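Chemist: Sharing coords_25.txt here; it has compact mmCIF, C-alpha atoms and all ligand atoms.
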# COMPACT_ATOMS: atom_id res chain seq x y z
CA MET T 2 125.95 87.48 126.29
CA LYS T 3 127.87 85.82 123.48
CA THR T 4 125.57 84.47 120.79
CA SER T 5 126.45 82.27 117.84
CA ALA T 6 124.59 83.95 114.97
CA PRO T 7 126.80 85.50 112.29
CA ASP T 8 126.91 89.12 113.27
CA THR T 9 128.36 91.74 111.07
CA HIS T 10 125.90 94.46 112.02
CA ASN T 11 127.43 95.95 115.12
CA GLU T 12 127.08 99.56 113.95
CA LEU T 13 123.42 99.06 113.15
CA ARG T 14 122.81 97.44 116.52
CA GLU T 15 124.72 100.17 118.38
CA ALA T 16 122.70 102.93 116.68
CA LEU T 17 119.44 101.23 117.60
CA ARG T 18 120.57 100.56 121.16
CA SER T 19 121.36 104.21 121.70
CA LEU T 20 117.97 105.27 120.31
CA CYS T 21 116.21 102.67 122.46
CA ALA T 22 118.14 103.85 125.54
CA GLU T 23 116.26 107.15 125.30
CA PHE T 24 113.07 105.20 126.02
CA PRO T 25 113.72 103.29 129.25
CA ALA T 26 111.60 100.52 130.75
CA GLU T 27 109.34 103.01 132.60
CA TYR T 28 108.30 104.48 129.25
CA HIS T 29 107.21 101.14 127.77
CA ARG T 30 105.67 100.07 131.08
CA LYS T 31 103.56 103.23 131.21
CA HIS T 32 102.28 102.62 127.67
CA GLY T 33 101.75 98.94 128.35
CA ALA T 34 99.65 99.58 131.46
CA ALA T 35 97.74 102.55 130.12
CA GLU T 36 97.33 100.85 126.74
CA THR T 37 98.35 103.97 124.88
CA TYR T 38 100.40 104.06 121.73
CA PRO T 39 104.14 104.85 122.26
CA GLU T 40 103.92 107.81 119.88
CA GLU T 41 107.26 109.44 120.78
CA PHE T 42 109.16 106.16 120.38
CA ILE T 43 107.61 105.48 116.96
CA ASP T 44 108.30 109.08 115.90
CA ALA T 45 111.94 108.69 116.92
CA LEU T 46 112.27 105.45 114.94
CA THR T 47 110.61 107.10 111.93
CA SER T 48 112.76 110.25 112.06
CA ALA T 49 115.91 108.16 112.27
CA GLY T 50 114.75 106.35 109.11
CA TRP T 51 114.54 102.89 110.68
CA LEU T 52 110.97 102.22 109.58
CA ALA T 53 111.93 103.01 105.98
CA ALA T 54 114.79 100.51 106.07
CA MET T 55 113.39 98.36 103.26
CA ILE T 56 112.18 101.17 100.98
CA PRO T 57 114.57 101.47 98.01
CA GLU T 58 116.86 104.51 97.93
CA GLU T 59 115.20 105.84 94.76
CA PHE T 60 112.05 106.40 96.87
CA GLY T 61 113.92 107.96 99.78
CA GLY T 62 114.41 104.85 101.93
CA SER T 63 117.62 103.12 102.97
CA GLY T 64 117.31 100.19 100.54
CA LEU T 65 118.40 97.70 103.17
CA GLY T 66 117.51 94.01 103.15
CA LEU T 67 115.30 91.89 105.34
CA THR T 68 118.36 90.94 107.38
CA GLU T 69 118.87 94.54 108.50
CA ALA T 70 115.12 95.18 108.90
CA SER T 71 114.90 92.12 111.13
CA ILE T 72 117.75 93.44 113.26
CA VAL T 73 115.79 96.68 113.75
CA MET T 74 112.81 94.67 115.04
CA GLU T 75 115.00 92.40 117.17
CA GLU T 76 116.80 95.31 118.84
CA ILE T 77 113.53 97.07 119.72
CA ASN T 78 112.34 93.98 121.59
CA ARG T 79 115.76 93.12 122.97
CA ASN T 80 115.92 96.57 124.53
CA GLY T 81 112.58 96.27 126.30
CA GLY T 82 110.23 97.74 123.68
CA ASN T 83 107.55 96.12 121.56
CA ALA T 84 108.04 96.25 117.80
CA GLY T 85 104.40 95.17 117.42
CA HIS T 86 103.52 98.87 117.53
CA CYS T 87 105.31 99.52 114.25
CA HIS T 88 106.29 96.29 112.45
CA GLY T 89 103.38 96.64 110.00
CA GLN T 90 105.19 99.46 108.26
CA MET T 91 108.08 97.15 107.32
CA TYR T 92 106.08 94.44 105.62
CA ASN T 93 102.93 96.24 104.41
CA MET T 94 105.11 98.48 102.32
CA GLY T 95 106.34 95.37 100.46
CA THR T 96 102.90 94.77 98.93
CA LEU T 97 102.98 98.25 97.43
CA LEU T 98 106.60 97.99 96.39
CA ARG T 99 106.31 94.63 94.64
CA HIS T 100 102.84 94.90 93.13
CA GLY T 101 101.89 98.59 93.06
CA SER T 102 101.88 100.64 89.86
CA ALA T 103 104.64 103.16 89.13
CA ALA T 104 102.17 105.96 89.94
CA GLN T 105 101.21 104.39 93.31
CA LYS T 106 104.85 103.90 94.27
CA GLU T 107 105.72 107.46 93.27
CA LEU T 108 102.75 108.80 95.22
CA TYR T 109 103.17 106.89 98.46
CA LEU T 110 106.67 105.47 98.97
CA PRO T 111 108.62 108.76 99.32
CA LYS T 112 106.04 110.01 101.83
CA ILE T 113 106.22 106.74 103.77
CA ALA T 114 110.01 106.95 103.73
CA SER T 115 110.01 110.53 105.05
CA GLY T 116 107.47 109.69 107.76
CA GLU T 117 104.83 112.00 106.29
CA LEU T 118 102.54 108.99 105.83
CA ARG T 119 102.31 105.80 107.85
CA LEU T 120 101.37 102.49 106.28
CA GLN T 121 100.95 100.52 109.48
CA SER T 122 97.72 98.59 108.82
CA MET T 123 96.70 95.53 106.88
CA ALA T 124 93.09 94.29 106.99
CA VAL T 125 92.76 90.59 106.24
CA THR T 126 91.21 88.70 109.19
CA GLU T 127 87.42 88.49 109.48
CA PRO T 128 85.30 87.47 112.46
CA THR T 129 83.37 84.60 110.85
CA THR T 130 86.12 83.05 108.71
CA GLY T 131 89.35 83.46 110.74
CA THR T 132 92.34 81.65 109.30
CA ASP T 133 90.27 80.34 106.36
CA THR T 134 91.20 83.54 104.50
CA THR T 135 89.89 82.68 101.05
CA LYS T 136 86.34 82.44 102.48
CA LEU T 137 86.43 86.04 103.64
CA LYS T 138 83.13 87.85 103.06
CA THR T 139 84.09 91.49 102.61
CA THR T 140 83.27 92.47 99.03
CA ALA T 141 84.52 95.23 96.75
CA VAL T 142 82.26 95.79 93.76
CA LYS T 143 83.40 97.99 90.87
CA LYS T 144 80.98 100.80 90.03
CA GLY T 145 82.38 103.17 87.39
CA ASP T 146 85.64 104.66 88.66
CA ARG T 147 85.15 103.35 92.23
CA TYR T 148 84.99 100.15 94.20
CA VAL T 149 82.25 99.94 96.81
CA VAL T 150 83.25 97.95 99.89
CA ASN T 151 80.91 96.18 102.32
CA GLY T 152 81.78 93.78 105.13
CA GLN T 153 83.65 93.47 108.38
CA LYS T 154 87.18 92.80 109.61
CA VAL T 155 88.52 92.04 113.06
CA TRP T 156 91.86 92.45 114.87
CA ILE T 157 93.04 95.14 112.49
CA SER T 158 96.02 96.72 114.18
CA ARG T 159 97.32 100.29 114.27
CA VAL T 160 94.43 101.78 112.23
CA GLN T 161 94.30 104.72 114.65
CA HIS T 162 98.00 105.37 114.11
CA SER T 163 98.22 104.95 110.38
CA ASP T 164 97.35 107.00 107.30
CA LEU T 165 97.09 104.09 104.89
CA MET T 166 95.71 100.57 105.12
CA ILE T 167 96.13 97.55 102.86
CA LEU T 168 92.72 95.86 102.40
CA LEU T 169 91.98 92.37 101.07
CA ALA T 170 88.44 91.97 99.75
CA ARG T 171 86.57 89.68 97.39
CA THR T 172 85.94 91.18 93.94
CA THR T 173 84.55 88.02 92.30
CA PRO T 174 82.13 85.80 94.25
CA LEU T 175 83.57 82.50 95.46
CA SER T 176 80.94 80.61 93.45
CA GLU T 177 82.28 82.15 90.21
CA VAL T 178 86.00 81.34 90.55
CA LYS T 179 87.80 78.11 89.64
CA ARG T 180 90.10 78.21 92.68
CA LYS T 181 89.12 79.71 96.01
CA SER T 182 92.32 81.78 96.06
CA GLU T 183 91.18 83.65 92.93
CA GLY T 184 88.86 86.65 92.90
CA LEU T 185 90.40 88.41 95.90
CA SER T 186 91.91 91.87 95.41
CA VAL T 187 94.15 94.22 97.36
CA PHE T 188 93.47 97.94 97.78
CA ILE T 189 95.26 100.80 99.41
CA VAL T 190 92.82 102.71 101.58
CA GLU T 191 93.50 106.35 102.52
CA LEU T 192 92.14 106.32 106.04
CA LYS T 193 91.28 110.02 106.26
CA ASP T 194 88.96 109.56 103.26
CA ALA T 195 87.43 106.41 104.71
CA LEU T 196 86.89 106.85 108.46
CA GLY T 197 83.38 108.12 109.09
CA LYS T 198 82.65 107.88 105.36
CA GLY T 199 81.74 104.21 105.04
CA MET T 200 84.38 102.82 107.40
CA GLU T 201 83.96 102.69 111.19
CA ILE T 202 86.25 101.19 113.80
CA LYS T 203 85.68 99.81 117.29
CA PRO T 204 88.85 99.34 119.38
CA ILE T 205 89.33 95.94 121.05
CA ASP T 206 90.64 96.01 124.62
CA ASN T 207 93.19 93.23 124.84
CA MET T 208 95.84 91.55 126.95
CA VAL T 209 98.87 93.26 125.38
CA GLY T 210 97.82 96.90 125.05
CA HIS T 211 98.03 96.50 121.30
CA GLU T 212 96.08 99.05 119.24
CA THR T 213 93.75 96.73 117.33
CA ASN T 214 90.19 97.10 116.11
CA GLU T 215 87.00 95.77 114.64
CA VAL T 216 86.43 97.44 111.29
CA PHE T 217 83.05 97.86 109.60
CA PHE T 218 82.55 98.76 105.94
CA ASP T 219 79.21 100.09 104.79
CA GLU T 220 79.27 101.29 101.19
CA LEU T 221 82.84 102.58 101.51
CA GLU T 222 83.95 104.02 98.17
CA ILE T 223 87.57 103.56 97.11
CA PRO T 224 88.90 105.13 93.87
CA ALA T 225 89.55 102.40 91.29
CA GLU T 226 93.16 103.56 90.95
CA ASN T 227 93.74 102.36 94.52
CA LEU T 228 93.54 98.75 93.38
CA ILE T 229 97.02 97.23 93.78
CA GLY T 230 98.15 95.06 90.87
CA GLU T 231 95.57 93.06 88.97
CA GLU T 232 92.03 92.52 90.13
CA GLY T 233 91.53 88.97 91.43
CA LYS T 234 95.22 88.28 92.18
CA GLY T 235 95.29 89.84 95.65
CA PHE T 236 95.61 86.65 97.65
CA ARG T 237 98.92 85.88 95.98
CA TYR T 238 100.17 89.42 96.68
CA ILE T 239 99.31 89.06 100.37
CA LEU T 240 100.97 85.63 100.53
CA ASP T 241 104.09 87.13 98.95
CA GLY T 242 104.44 89.53 101.85
CA LEU T 243 103.98 86.89 104.51
CA ASN T 244 107.49 85.49 104.32
CA ALA T 245 108.89 88.89 105.26
CA GLU T 246 106.26 89.30 107.98
CA ARG T 247 107.00 85.89 109.51
CA THR T 248 110.74 86.44 109.48
CA LEU T 249 110.42 89.88 111.08
CA ILE T 250 108.15 88.49 113.80
CA ALA T 251 110.68 85.68 114.35
CA ALA T 252 113.33 88.36 114.92
CA GLU T 253 111.08 90.11 117.45
CA CYS T 254 110.69 86.82 119.32
CA ILE T 255 114.48 86.36 119.26
CA GLY T 256 114.83 89.88 120.72
CA ASP T 257 112.32 89.01 123.43
CA GLY T 258 114.08 85.71 124.06
CA TYR T 259 117.48 87.32 124.69
CA TRP T 260 115.80 89.96 126.88
CA PHE T 261 114.27 87.18 129.03
CA ILE T 262 117.57 85.31 129.27
CA ASP T 263 119.44 88.50 130.29
CA ARG T 264 116.88 89.21 132.99
CA ALA T 265 116.77 85.60 134.19
CA VAL T 266 120.58 85.39 134.42
CA GLY T 267 120.83 88.76 136.17
CA TYR T 268 118.20 87.91 138.74
CA ALA T 269 119.49 84.35 139.30
CA THR T 270 122.95 85.77 139.94
CA ASP T 271 121.82 88.47 142.37
CA ARG T 272 119.02 86.80 144.29
CA VAL T 273 120.34 85.00 147.36
CA VAL T 274 118.17 82.40 149.11
CA PHE T 275 119.47 79.60 151.37
CA ASN T 276 122.78 81.54 151.53
CA ARG T 277 123.57 81.17 147.84
CA PRO T 278 122.57 82.79 144.57
CA ILE T 279 119.54 80.90 143.24
CA GLY T 280 121.42 80.54 139.93
CA GLN T 281 123.92 78.26 141.66
CA ASN T 282 121.21 75.60 141.79
CA GLN T 283 121.16 73.44 138.68
CA GLY T 284 117.39 73.21 139.02
CA VAL T 285 117.40 76.95 138.22
CA GLN T 286 120.31 76.93 135.74
CA PHE T 287 119.20 74.15 133.43
CA PRO T 288 115.81 75.47 132.29
CA VAL T 289 117.41 78.87 131.56
CA ALA T 290 120.31 77.22 129.71
CA ARG T 291 117.86 75.13 127.66
CA ALA T 292 115.76 78.19 126.81
CA PHE T 293 118.94 79.94 125.64
CA VAL T 294 119.88 76.98 123.43
CA ASP T 295 116.44 77.09 121.80
CA ILE T 296 116.74 80.80 121.06
CA GLU T 297 120.18 80.29 119.54
CA ALA T 298 118.86 77.56 117.22
CA ALA T 299 115.83 79.63 116.21
CA ASN T 300 118.10 82.59 115.51
CA LEU T 301 120.14 80.60 113.00
CA MET T 302 116.95 79.69 111.12
CA ARG T 303 115.86 83.34 111.21
CA PHE T 304 119.15 84.45 109.57
CA GLU T 305 118.84 81.68 106.98
CA ALA T 306 115.31 82.90 106.12
CA CYS T 307 116.69 86.47 105.81
CA ARG T 308 119.61 85.36 103.67
CA ARG T 309 117.34 83.52 101.23
CA TYR T 310 114.83 86.37 101.07
CA ASP T 311 117.58 88.91 100.37
CA ALA T 312 119.05 86.63 97.68
CA ASN T 313 115.60 86.30 96.05
CA GLU T 314 115.61 82.58 96.79
CA ASP T 315 112.51 80.72 97.88
CA CYS T 316 112.28 81.18 101.66
CA GLY T 317 108.74 80.04 102.52
CA ALA T 318 109.88 77.00 104.47
CA GLN T 319 112.60 78.86 106.40
CA ALA T 320 110.38 81.87 107.18
CA ASN T 321 107.64 79.63 108.56
CA MET T 322 110.04 77.45 110.52
CA ALA T 323 111.87 80.49 111.91
CA LYS T 324 108.57 81.96 113.09
CA LEU T 325 107.56 78.72 114.79
CA LEU T 326 110.94 78.05 116.42
CA ALA T 327 111.39 81.64 117.58
CA ALA T 328 107.85 82.01 118.95
CA ASP T 329 108.22 78.75 120.89
CA ALA T 330 111.70 79.70 122.14
CA SER T 331 110.65 83.16 123.33
CA TRP T 332 107.59 81.73 125.05
CA LYS T 333 109.71 79.12 126.82
CA ALA T 334 112.25 81.79 127.85
CA ALA T 335 109.40 84.00 129.10
CA ASN T 336 108.05 81.22 131.26
CA GLU T 337 111.47 80.37 132.71
CA CYS T 338 112.26 84.03 133.33
CA LEU T 339 109.01 84.44 135.23
CA GLN T 340 109.76 81.30 137.25
CA VAL T 341 113.28 82.47 138.13
CA HIS T 342 111.85 85.75 139.43
CA GLY T 343 109.49 83.93 141.82
CA GLY T 344 106.84 86.30 143.16
CA PHE T 345 108.68 89.36 141.81
CA GLY T 346 108.00 88.15 138.27
CA PHE T 347 104.40 89.22 138.82
CA ALA T 348 105.32 92.77 139.87
CA GLN T 349 104.91 95.22 137.01
CA GLU T 350 108.10 97.10 137.88
CA TYR T 351 110.22 94.12 136.75
CA ASP T 352 108.65 94.22 133.24
CA VAL T 353 108.73 90.41 133.04
CA GLU T 354 104.95 90.03 133.20
CA ARG T 355 104.51 92.65 130.44
CA LYS T 356 107.01 91.02 128.10
CA PHE T 357 105.54 87.59 129.03
CA ARG T 358 102.11 88.73 127.81
CA GLU T 359 103.54 90.42 124.73
CA THR T 360 105.53 87.42 123.53
CA ARG T 361 102.60 85.03 124.09
CA LEU T 362 100.79 86.72 121.20
CA TYR T 363 103.16 85.17 118.70
CA GLN T 364 101.83 81.67 119.28
CA VAL T 365 98.60 82.96 117.67
CA ALA T 366 99.31 85.96 115.45
CA PRO T 367 100.00 86.75 112.71
CA ILE T 368 99.69 83.02 112.09
CA SER T 369 99.07 80.34 114.66
CA THR T 370 101.52 77.55 115.41
CA ASN T 371 99.10 74.91 114.09
CA LEU T 372 98.84 76.60 110.73
CA ILE T 373 102.63 76.67 110.39
CA LEU T 374 102.82 72.98 111.23
CA SER T 375 100.15 72.38 108.63
CA TYR T 376 102.24 74.30 106.07
CA VAL T 377 105.33 72.23 106.91
CA ALA T 378 103.38 68.96 106.77
CA GLU T 379 101.75 69.73 103.43
CA HIS T 380 104.28 71.84 101.53
CA ILE T 381 107.57 70.49 102.84
CA LEU T 382 106.77 66.91 103.78
CA GLY T 383 104.21 66.35 101.04
CA LEU T 384 101.54 64.97 103.36
CA PRO T 385 97.91 65.12 102.17
CA ARG T 386 96.10 68.45 102.41
CA SER T 387 93.90 68.65 105.46
CA PHE T 388 91.82 71.70 104.52
C1 LIG Y 401 96.68 91.37 118.90
C2 LIG Y 401 96.33 90.89 117.53
C3 LIG Y 401 96.65 91.66 116.43
C4 LIG Y 401 96.29 91.25 115.14
N1 LIG Y 401 96.53 92.07 114.08
C5 LIG Y 401 96.02 91.74 112.86
C6 LIG Y 401 96.10 92.66 111.76
O1 LIG Y 401 96.66 93.75 111.87
N2 LIG Y 401 95.53 92.32 110.58
C7 LIG Y 401 94.87 91.13 110.40
O2 LIG Y 401 94.38 90.89 109.30
N3 LIG Y 401 94.78 90.23 111.42
C8 LIG Y 401 95.33 90.51 112.63
N4 LIG Y 401 95.23 89.62 113.69
C9 LIG Y 401 94.51 88.37 113.49
C10 LIG Y 401 95.41 87.14 113.54
O3 LIG Y 401 96.16 87.05 112.35
C11 LIG Y 401 94.50 85.95 113.77
O4 LIG Y 401 93.98 86.05 115.09
C12 LIG Y 401 95.22 84.64 113.59
O5 LIG Y 401 95.60 84.48 112.25
C13 LIG Y 401 94.31 83.47 114.00
O6 LIG Y 401 93.06 83.60 113.39
P1 LIG Y 401 91.72 83.52 114.26
O7 LIG Y 401 91.88 84.37 115.46
O8 LIG Y 401 90.55 83.78 113.41
O9 LIG Y 401 91.68 82.03 114.75
P2 LIG Y 401 90.93 80.71 114.07
O10 LIG Y 401 91.22 80.69 112.63
O11 LIG Y 401 89.50 80.85 114.52
O12 LIG Y 401 91.65 79.60 114.82
C14 LIG Y 401 91.51 79.38 116.24
C15 LIG Y 401 92.47 78.30 116.68
O13 LIG Y 401 92.17 77.09 116.00
C16 LIG Y 401 93.31 76.59 115.32
N5 LIG Y 401 92.91 76.03 114.03
C17 LIG Y 401 92.02 76.56 113.13
N6 LIG Y 401 91.91 75.75 112.06
C18 LIG Y 401 92.76 74.71 112.26
C19 LIG Y 401 93.10 73.53 111.51
N7 LIG Y 401 92.56 73.28 110.32
N8 LIG Y 401 94.00 72.67 112.05
C20 LIG Y 401 94.56 72.90 113.27
N9 LIG Y 401 94.27 74.00 114.01
C21 LIG Y 401 93.38 74.88 113.52
C22 LIG Y 401 94.24 77.78 115.11
O14 LIG Y 401 95.58 77.36 115.06
C23 LIG Y 401 93.93 78.65 116.34
O15 LIG Y 401 94.78 78.28 117.41
C24 LIG Y 401 95.63 90.00 114.98
C25 LIG Y 401 95.35 89.19 116.10
C26 LIG Y 401 95.68 89.62 117.36
C27 LIG Y 401 95.32 88.76 118.55
Please lay out the structure from this file as structure tokens.
Modeler:
Amino acid sequence: MKTSAPDTHNELREALRSLCAEFPAEYHRKHGAAETYPEEFIDALTSAGWLAAMIPEEFGGSGLGLTEASIVMEEINRNGGNAGHCHGQMYNMGTLLRHGSAAQKELYLPKIASGELRLQSMAVTEPTTGTDTTKLKTTAVKKGDRYVVNGQKVWISRVQHSDLMILLARTTPLSEVKRKSEGLSVFIVELKDALGKGMEIKPIDNMVGHETNEVFFDELEIPAENLIGEEGKGFRYILDGLNAERTLIAAECIGDGYWFIDRAVGYATDRVVFNRPIGQNQGVQFPVARAFVDIEAANLMRFEACRRYDANEDCGAQANMAKLLAADASWKAANECLQVHGGFGFAQEYDVERKFRETRLYQVAPISTNLILSYVAEHILGLPRSF
């Protein structure tokens, strides 16, 4: 399929495609149905250095940009996998890299780059406050050389397959700060020192076989040196990382989108009903063609977001718009692909229903479509704040 995005990364794509080819559809289907973590696939990506793509060379990574990192994510999804099992490593590391102390970077980044440690988890969302992040209720209170954490998080992904977790907690009560975004702090939690020692998890069974959990903190002690950056500035640090996260997720949706188009075109060409391939009917062609056009447009915005991020230009608008366009485009492509497959779209062996469920997530997480529209309305169009 010829696509219109500028593409000068053929070698990178070829290397990923050959790694992905070692993990055929049956592998991902088995993990999807059994809801187990694709450990061997993630190990292979780690050993090949792909999950350390954005770690600077001085810490043992490849020092690549967001453009390349986004291609890694895209290719995983484009080749039938689900980058949701490992994308956290790409963007969580950024919080440490940009705001961590020299000692923290020295301690963790080389081990993350080599695969010795995984930084796959970030704990922000809470059950009673949802998207209204600055109202979160988990507290971290400094006592001597420790912070003591109490509270609860929900939907925290990959905790069972990570060694480290980024935690956002309130260190100054909301009633004592001038702006609600102040008084929140970010910590790096060493999970082996936390699980069963003040931190408990309860896995959430869910529609996409995604390893995600409720997390409970009861007097969890974290060494004070695990505070990232300055106390009280954590919300800004988390926001900083979101542009990368949104752009990477956009790339995953683009990968899904092309996968759906490939499958839809293949099936529409081969399936003969009424003595002709179903794809000869314009009623079948047009929705697939339109879905392809939408993916192409979203892809251009994704590369623009990457370009700006890599050039250290402001990319908030483009990252948000890329996420919205790509999530909508992949969802539309998923729906059309399922429709083209008729009844067979519902059979697990075609993988369409699995990818359909997986790509649906991105209308909601890591940020819902409404919240992106709200960002565009307020920050780009200058409309009055609604919350
Ligand atoms: C599989 C999965 C994995 C996840 N992994 C993580 C993770 O690793 N770490 C983490 O911290 N979080 C994670 N999340 C949480 C995810 O980021 C949130 O679910 C998402 O941000 C939406 O928050 P919420 O579920 O609390 O919805 P709410 O905030 O309760 O919103 C519910 C709905 O109402 C809409 N809405 C709310 N307020 C407004 C408004 N003012 N205007 C218009 N519409 C509004 C929203 O758009 C949404 O559709 C994950 C979620 C899922 C499902």
Chemist: As a quick test: using only C-alpha atoms and all ligand atoms, which residues lie no more than 6 Å away from ligand LIG 401 (chain Y)? Give them as a list of chain:residue names.
Modeler: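 Residues satisfying the distance criterion: T:Ser122, T:Met123, T:Ala124, T:Val125, T:Thr126, T:Gly131, T:Thr132, T:Trp156, T:Ile157, T:Ser158, T:His211, T:Thr213, T:Val365, T:Ala366, T:Pro367, T:Ile368, T:Ser369, T:Thr370, T:Asn371, T:Leu372.
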Chemist: I need the residue nearest Met166 in chain T from this list: T:Thr135, T:Gln340, T:Thr96, T:Ser63. Use only C-alpha atoms for the distance.
Modeler: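 Checking each candidate against Met166 in chain T, we get T:Thr96 as the closest.
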Chemist: Pick the closest to Gly64 in chain T from T:Phe345, T:Met91, T:Gly199, T:Cys254: which is it, counting only C-alpha atoms?
Modeler: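 With only C-alpha atoms as the atom set, the closest residue is T:Met91.
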Chemist: Place a sphere of radius 12 Å on (117.5, 82.5, 102.5) in the file coordinates and name every protein, DNA or RNA residue with an atom inside or on its surface, counting only C-alpha atoms; give the answer as a list in words.
Modeler: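 The answer, in the requested form, is Gly66, Leu67, Thr68, Asn244, Ala245, Thr248, Leu301, Met302, Arg303, Phe304, Glu305, Ala306, Cys307, Arg308, Arg309, Tyr310, Asp311, Ala312, Asn313, Glu314, Asp315, Cys316, Gly317, Ala318, Gln319, Ala320, Asn321 and Ala323 of chain T.
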Chemist: Pick from T:Gln349, T:Gln90, T:Asn214, T:Thr270: nearest to Gln121 in chain T, with only C-alpha atoms counted?
Modeler: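 Smallest separation from Gln121 in chain T among the options: T:Gln90.
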Chemist: I'd like the interatomic distance between CA of Gly82 in chain T and CA of Gly267 in chain T, to a tenth of an Å.
Modeler: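 Result for CA of Gly82 in chain T versus CA of Gly267 in chain T: 18.7 Å, one decimal.
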